[in-house]
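Written out below as structure tokens is the structure these notes cover.
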Amino acid sequence: MRLILIILLLQCIIIRKTNPIQEYSQPETLESSVQVPIYVMLILDKYENGSKESRFSVGDEARIEITLINQFQYSNQLLKVEKDIEKAELVVEIEIETRNKNNRVLPYITALTLTLIPFYEDIEIIENFRIIKKNGEVLFQTKRIQKLDYWFGLAFIINGFIQ
Amino acid sequence: MLNLRKNYLQIRLIILCVFVFGILGCFSFKPAVINFKIDDPKPVKEKKAYHAWIKPIIPPKGSQFDNTHMQATYSFYKFVRELKQFEKVNILYSDKFSFPENSIVLEVQFSKMEEHLKYHYLYWPLSVVGMGISLARSNSILGLLWYGIFGGPSIVHKLDYQGNLIAYDSLGVERMRVPFNFQTEFNSNAYYYEQSIQANEKRKEMFEKAFRNLTEKWGDK
């Protein structure tokens, strides 16, 4: 029992904790709103230890796309969104890569030790945003990267309860 | 007491059904929905001073295709981009303009695009036996988890792709046609080595091979 308490205490002290939801210092904005019809292409890629997964379901992708399109329209920056690529004049490419790095054996150790040894992974989210003409000319592009880490263990559950 | 006995019989019946249907699932492949993604390739050393254009991929009729063809096209575009063989890579959204002189238009034509899966023949017997032992010894179902931890295969996945990788020049004249005929089968496990990761890697292998053939023939011309 003492050992368990010491491990829990050590977990709380040693492990650094970051805010899982980080906010960007400043959102990117276009100089002027785009009036011509656009076609939105959203690509979500998830990498697990360097290999690409197909975890995002079509439903997820569609839901995120709808949310993004709504955001464009409410921000008055990209107004006309076309579903048919033939009718669109510009293409908006949004590429979101989530790269997770973890130890492959750690989830089992975490489960078998009843989360006393915490599971952790480094997460890197890379977002590419490009507005291009159909002939490939890039009109606007921006890239942002954020690094996070995710921890799961009994110490954090207890910590969460206390907070 | 009677109710308990009734419940016990029902549980036994369910386990028997799972066992029978599970074993039956080991014998026949069923068509799988294709989520067409390609793993990133290793960049090549030899670079070409070309501007590559990727034509949209159109899957053959009848293929069970999960994502839209534009997303599949984007996946192929990313593969070519990460190959770092060309100076510039773009998707050909519209062919109503004249290409620059150093252009090369790449098209993937699939004549067959099928994926099938079935249960591995060891999955049900070993996982159910493992579960039974763990239930008897420790009253838990960790046996199934142990089967996963030690990499016991659960699903057999079969890929069957046939088609051509075609390269056109800036005038739209076909310069090269590399046929590919890719059939492979692999085991996967829900906990340890995932089916989608393996399938993406196999597709990467297929396109790397096709590109190697294309580059070799390119040198001859």
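We name chains A, B, ... following the order of the structure tokens; residues begin at 1 in each chain, and ligands are numbered from 1 as shown.
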Would you give me, as a Markdown table, each residue of chain A having an atom within 8 Å of an atom of chain B, along with its shortest atom pair and that distance in Å to one decimal, using only C-alpha atoms and sorting by chain and residue number?
```
| residue | atom | partner | partner_atom | distance |
| --- | --- | --- | --- | --- |
| A:Met41 | CA | B:Gln71 | CA | 7.7 |
| A:Ile43 | CA | B:Gln71 | CA | 6.9 |
| A:Ser51 | CA | B:Ile197 | CA | 6.3 |
| A:Lys52 | CA | B:Asp39 | CA | 5.4 |
| A:Glu53 | CA | B:Ile197 | CA | 4.9 |
| A:Ser54 | CA | B:Ser196 | CA | 5.6 |
| A:Arg55 | CA | B:Ser196 | CA | 7.8 |
| A:Val58 | CA | B:Asn67 | CA | 6.4 |
| A:Ile85 | CA | B:Tyr93 | CA | 7.6 |
| A:Glu86 | CA | B:Ser94 | CA | 7.6 |
| A:Arg104 | CA | B:Tyr192 | CA | 7.9 |
| A:Tyr108 | CA | B:Ile149 | CA | 7.5 |
| A:Lys134 | CA | B:Tyr93 | CA | 5.5 |
| A:Asn135 | CA | B:Ser94 | CA | 7.2 |
| A:Gly136 | CA | B:Asn90 | CA | 6.0 |
```
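All residues of stretch 13-145 of chain A that DSSP, run on the backbone, classes as alpha helix (DSSP H) are Ile13, Ile14, Val58, Gly59, Asp60, Glu61, Ala62, Arg63, Ile64, Glu65, Ile66, Thr67, Leu68, Ile69, Asn70, Gln71, Phe72, Gln73, Tyr74, Leu106, Pro107, Tyr108, Ile109, Thr110, Ala111 and Leu112 of chain A.
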All residues 12 Å or closer to B:Asp160, only C-alpha atoms, same chain fewer than 6 positions away omitted, as a ChimeraX atom specification: /B:31-32,34,63,110-117,180-186,199,202-203,206
Output for the residues just chosen: N, CA and C atoms as a JSON list (two decimals), in the first residue's frame:
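What ended up in result19.json:
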```
[["chain", "number", "residue", "atom", "x", "y", "z"],
["B", 31, "PRO", "N", -16.13, -9.48, -49.31],
["B", 31, "PRO", "CA", -15.61, -8.21, -49.83],
["B", 31, "PRO", "C", -15.50, -7.15, -48.72],
["B", 32, "ALA", "N", -14.40, -6.44, -48.74],
["B", 32, "ALA", "CA", -14.20, -5.38, -47.73],
["B", 32, "ALA", "C", -14.31, -4.02, -48.40],
["B", 34, "ILE", "N", -13.09, -0.45, -49.26],
["B", 34, "ILE", "CA", -11.71, 0.06, -49.42],
["B", 34, "ILE", "C", -11.62, 1.50, -48.94],
["B", 63, "SER", "N", -16.53, -1.53, -57.41],
["B", 63, "SER", "CA", -15.63, -1.63, -56.25],
["B", 63, "SER", "C", -16.27, -0.90, -55.06],
["B", 110, "PHE", "N", -7.28, 1.98, -62.75],
["B", 110, "PHE", "CA", -7.50, 0.68, -62.12],
["B", 110, "PHE", "C", -8.50, -0.12, -62.94],
["B", 111, "SER", "N", -8.15, -1.37, -63.27],
["B", 111, "SER", "CA", -9.14, -2.24, -63.91],
["B", 111, "SER", "C", -9.76, -3.16, -62.86],
["B", 112, "LYS", "N", -9.01, -3.39, -61.79],
["B", 112, "LYS", "CA", -9.53, -4.21, -60.69],
["B", 112, "LYS", "C", -9.06, -3.59, -59.38],
["B", 113, "MET", "N", -9.98, -3.45, -58.46],
["B", 113, "MET", "CA", -9.65, -2.83, -57.18],
["B", 113, "MET", "C", -10.51, -3.53, -56.13],
["B", 114, "GLU", "N", -9.97, -4.60, -55.59],
["B", 114, "GLU", "CA", -10.80, -5.39, -54.66],
["B", 114, "GLU", "C", -10.02, -5.74, -53.40],
["B", 115, "GLU", "N", -10.73, -5.74, -52.30],
["B", 115, "GLU", "CA", -10.14, -6.18, -51.04],
["B", 115, "GLU", "C", -11.12, -7.13, -50.37],
["B", 116, "HIS", "N", -10.59, -8.21, -49.81],
["B", 116, "HIS", "CA", -11.44, -9.20, -49.13],
["B", 116, "HIS", "C", -10.87, -9.52, -47.76],
["B", 117, "LEU", "N", -11.71, -9.92, -46.87],
["B", 117, "LEU", "CA", -11.20, -10.37, -45.57],
["B", 117, "LEU", "C", -12.01, -11.52, -44.99],
["B", 180, "PHE", "N", 0.53, -2.77, -63.57],
["B", 180, "PHE", "CA", 0.78, -3.40, -62.26],
["B", 180, "PHE", "C", -0.31, -4.41, -61.95],
["B", 181, "ASN", "N", 0.13, -5.50, -61.36],
["B", 181, "ASN", "CA", -0.77, -6.58, -61.01],
["B", 181, "ASN", "C", -0.37, -7.00, -59.59],
["B", 182, "PHE", "N", -1.11, -6.53, -58.64],
["B", 182, "PHE", "CA", -0.67, -6.66, -57.25],
["B", 182, "PHE", "C", -1.67, -7.49, -56.45],
["B", 183, "GLN", "N", -1.22, -8.68, -56.06],
["B", 183, "GLN", "CA", -2.06, -9.52, -55.19],
["B", 183, "GLN", "C", -1.25, -9.88, -53.95],
["B", 184, "THR", "N", -1.83, -9.63, -52.83],
["B", 184, "THR", "CA", -1.13, -9.98, -51.60],
["B", 184, "THR", "C", -2.13, -10.33, -50.50],
["B", 185, "GLU", "N", -1.62, -11.03, -49.51],
["B", 185, "GLU", "CA", -2.47, -11.48, -48.41],
["B", 185, "GLU", "C", -1.68, -11.30, -47.12],
["B", 186, "PHE", "N", -2.30, -10.78, -46.10],
["B", 186, "PHE", "CA", -1.56, -10.62, -44.84],
["B", 186, "PHE", "C", -2.49, -10.83, -43.65],
["B", 199, "ALA", "N", -2.51, -2.45, -44.72],
["B", 199, "ALA", "CA", -3.03, -2.24, -46.09],
["B", 199, "ALA", "C", -2.38, -1.01, -46.71],
["B", 202, "LYS", "N", 1.07, -1.90, -47.81],
["B", 202, "LYS", "CA", 1.07, -2.74, -49.02],
["B", 202, "LYS", "C", 0.83, -1.89, -50.26],
["B", 203, "ARG", "N", -0.10, -0.91, -50.15],
["B", 203, "ARG", "CA", -0.36, -0.02, -51.29],
["B", 203, "ARG", "C", 0.88, 0.80, -51.61],
["B", 206, "MET", "N", 3.17, -1.33, -53.59],
["B", 206, "MET", "CA", 2.69, -1.47, -54.97],
["B", 206, "MET", "C", 3.10, -0.26, -55.81]]
```
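Picture a line from atom CA of B:Glu208 to atom CA of B:Leu83; it runs 8.9 Å.
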For B:Cys26, the nearest of the candidates B:Val44, B:Val156, B:Leu126, B:Val105, counting only C-alpha atoms: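 With only C-alpha atoms as the atom set, the closest residue is B:Val156.
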If we count only C-alpha atoms, what is near A:Glu121 at a cut-off of 6 Å, once residues fewer than 6 positions away on the same chain are taken out, given as a ChimeraX atom specification? /A:101-102,149-150
A:Ala62, A:Ile96, A:Leu106, A:Leu112: which is nearest A:Leu44, counting only C-alpha atoms? A:Ile96
Restricting the calculation to only C-alpha atoms, which member of A:Ile94, A:Ile38, A:Ile132, A:Ile125 is positioned closest to A:Lys147? A:Ile125
If you run DSSP on this backbone, which residues of chain B come out as strand (DSSP E or B), and could you give them as number ranges by chain? B: 30-31, 34, 48-54, 58, 65, 86-91, 103-119, 155-168, 174-188
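For the choices B:Gly25, B:Pro59, B:Pro100, B:Gly152, the atom-to-atom distance to B:Ser127 is smallest for B:Gly152 when using only C-alpha atoms.
Our summary of the geometry notes that atom CA of A:Gln71 is positioned 13.8 Å from atom CA of A:Leu42.
Near B:Lys42, within 12 Å and counting only C-alpha atoms, sit Gly50 of chain A; Phe79, Val80, Arg81, Glu82, Leu83, Lys84, Gln85, Glu201, Lys204, Glu205, Phe207 and Glu208 of chain B, not including residues fewer than 4 positions from it in the same chain.
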